[in-house]
Amino acid sequence: MRAGAARTRQRGISFIGLLFVGVVLACVGVVAAQLVPTVIEYQAIKKAAQRATAGTTVPEVRSLFDRAQAIDDFSAISGKDLEVQKQGDKMVVSFAYDKQIHLAGPAWLLMKYAGRTD
């Protein structure tokens, strides 16, 4: 076989392609590293709202939520931001809030979180 014929059969990624894939993966990793804490905070808020449904009045529900907020240490919303309704014999807590993640320059990623206890 000639040397030129052997090279045409080689397959794989070039160095430039490898650099491109590395940069794309790094960018995705940076965004994911900023996104994960907001998802964890959402789960803590949802858990606090679920705990707050043990209250029997709207001020008591908000107070229970604020206590859970102090324990779980989140700051996106507080008890006054909750929408509390009584359906039948149980309290239903709804909430919604936005989180913004700065990407680069004028680019932002807006995350809209909403939840409801049932």
# chains A, B, ... in the order shown; residues from 1 in each chain; ligands from 1
$ residues_around --residues "region 39-44 of chain A" --least-positions-apart "4" --cutoff "9 Å" --atoms "only C-alpha atoms" --output "PyMOL selection string"
chain A and resi 35+48-49+68-69+72-76+113-115
$ write_last_selection --atoms "N, CA and C atoms" --output "mmCIF file, in the first residue's frame"
data_model
loop_
_atom_site.group_PDB
_atom_site.id
_atom_site.type_symbol
_atom_site.label_atom_id
_atom_site.label_comp_id
_atom_site.auth_asym_id
_atom_site.auth_seq_id
_atom_site.Cartn_x
_atom_site.Cartn_y
_atom_site.Cartn_z
ATOM 1 N N LEU A 35 -27.095 27.034 36.728
ATOM 2 C CA LEU A 35 -28.494 26.620 36.702
ATOM 3 C C LEU A 35 -28.842 25.684 37.861
ATOM 4 N N ALA A 48 -40.828 23.891 51.333
ATOM 5 C CA ALA A 48 -41.293 24.830 52.358
ATOM 6 C C ALA A 48 -42.781 25.142 52.175
ATOM 7 N N ALA A 49 -43.226 25.273 50.942
ATOM 8 C CA ALA A 49 -44.650 25.519 50.685
ATOM 9 C C ALA A 49 -45.485 24.326 51.122
ATOM 10 N N ALA A 68 -39.591 28.098 57.487
ATOM 11 C CA ALA A 68 -38.911 27.123 56.622
ATOM 12 C C ALA A 68 -37.881 27.826 55.743
ATOM 13 N N GLN A 69 -38.182 29.064 55.331
ATOM 14 C CA GLN A 69 -37.234 29.841 54.523
ATOM 15 C C GLN A 69 -35.961 30.120 55.320
ATOM 16 N N ASP A 72 -34.050 26.630 55.465
ATOM 17 C CA ASP A 72 -33.490 26.162 54.193
ATOM 18 C C ASP A 72 -32.636 27.215 53.493
ATOM 19 N N ASP A 73 -32.671 28.456 53.970
ATOM 20 C CA ASP A 73 -31.813 29.541 53.495
ATOM 21 C C ASP A 73 -31.955 29.807 52.002
ATOM 22 N N PHE A 74 -33.146 30.195 51.591
ATOM 23 C CA PHE A 74 -33.359 30.660 50.217
ATOM 24 C C PHE A 74 -33.932 32.073 50.280
ATOM 25 N N SER A 75 -33.729 32.838 49.206
ATOM 26 C CA SER A 75 -34.131 34.241 49.258
ATOM 27 C C SER A 75 -34.977 34.675 48.057
ATOM 28 N N ALA A 76 -35.347 33.774 47.194
ATOM 29 C CA ALA A 76 -36.080 34.149 45.983
ATOM 30 C C ALA A 76 -37.465 34.700 46.297
ATOM 31 N N TYR A 113 -40.024 30.045 37.420
ATOM 32 C CA TYR A 113 -40.416 28.940 38.274
ATOM 33 C C TYR A 113 -41.810 29.201 38.838
ATOM 34 N N ALA A 114 -42.622 28.172 38.916
ATOM 35 C CA ALA A 114 -43.957 28.251 39.499
ATOM 36 C C ALA A 114 -44.269 26.912 40.138
ATOM 37 N N GLY A 115 -45.032 26.954 41.214
ATOM 38 C CA GLY A 115 -45.388 25.714 41.885
ATOM 39 C C GLY A 115 -46.687 25.869 42.641
#
$ select_by_dssp --residues "chain A" --states "alpha helix (DSSP H)" --output "number ranges by chain"
A: 3-8, 15-52, 58-72
$ residues_around --residues "Ile101 (chain A)" --least-positions-apart "6" --cutoff "12 Å" --atoms "only C-alpha atoms" --output "ChimeraX atom specification"
/A:30-38,107-112
$ write_last_selection --atoms "C-alpha atoms" --output "PDB file, in the first residue's frame"
ATOM      1  CA  VAL A  30     -20.631  26.954  33.000  1.00  0.00           C
ATOM      2  CA  VAL A  31     -24.345  27.480  32.316  1.00  0.00           C
ATOM      3  CA  ALA A  32     -25.226  24.195  34.056  1.00  0.00           C
ATOM      4  CA  ALA A  33     -23.128  25.194  37.077  1.00  0.00           C
ATOM      5  CA  GLN A  34     -25.186  28.389  37.372  1.00  0.00           C
ATOM      6  CA  LEU A  35     -28.494  26.620  36.702  1.00  0.00           C
ATOM      7  CA  VAL A  36     -28.205  23.808  39.267  1.00  0.00           C
ATOM      8  CA  PRO A  37     -28.402  26.096  42.351  1.00  0.00           C
ATOM      9  CA  THR A  38     -31.641  27.660  41.060  1.00  0.00           C
ATOM     10  CA  ALA A 107     -27.250  38.033  27.203  1.00  0.00           C
ATOM     11  CA  TRP A 108     -29.300  36.714  30.122  1.00  0.00           C
ATOM     12  CA  LEU A 109     -31.050  33.404  30.722  1.00  0.00           C
ATOM     13  CA  LEU A 110     -34.477  33.877  32.344  1.00  0.00           C
ATOM     14  CA  MET A 111     -35.822  30.982  34.382  1.00  0.00           C
ATOM     15  CA  LYS A 112     -39.520  31.140  35.342  1.00  0.00           C
TER      16      LYS A 112
END
$ select_by_dssp --residues "chain A" --states "strand (DSSP E)" --output "MDAnalysis selection string"
chainID A and resid 83:87 90:104 107:116
$ atom_distance --atom1 "CA of Arg116 (chain A)" --atom2 "CA of Val92 (chain A)"
7.1 Å
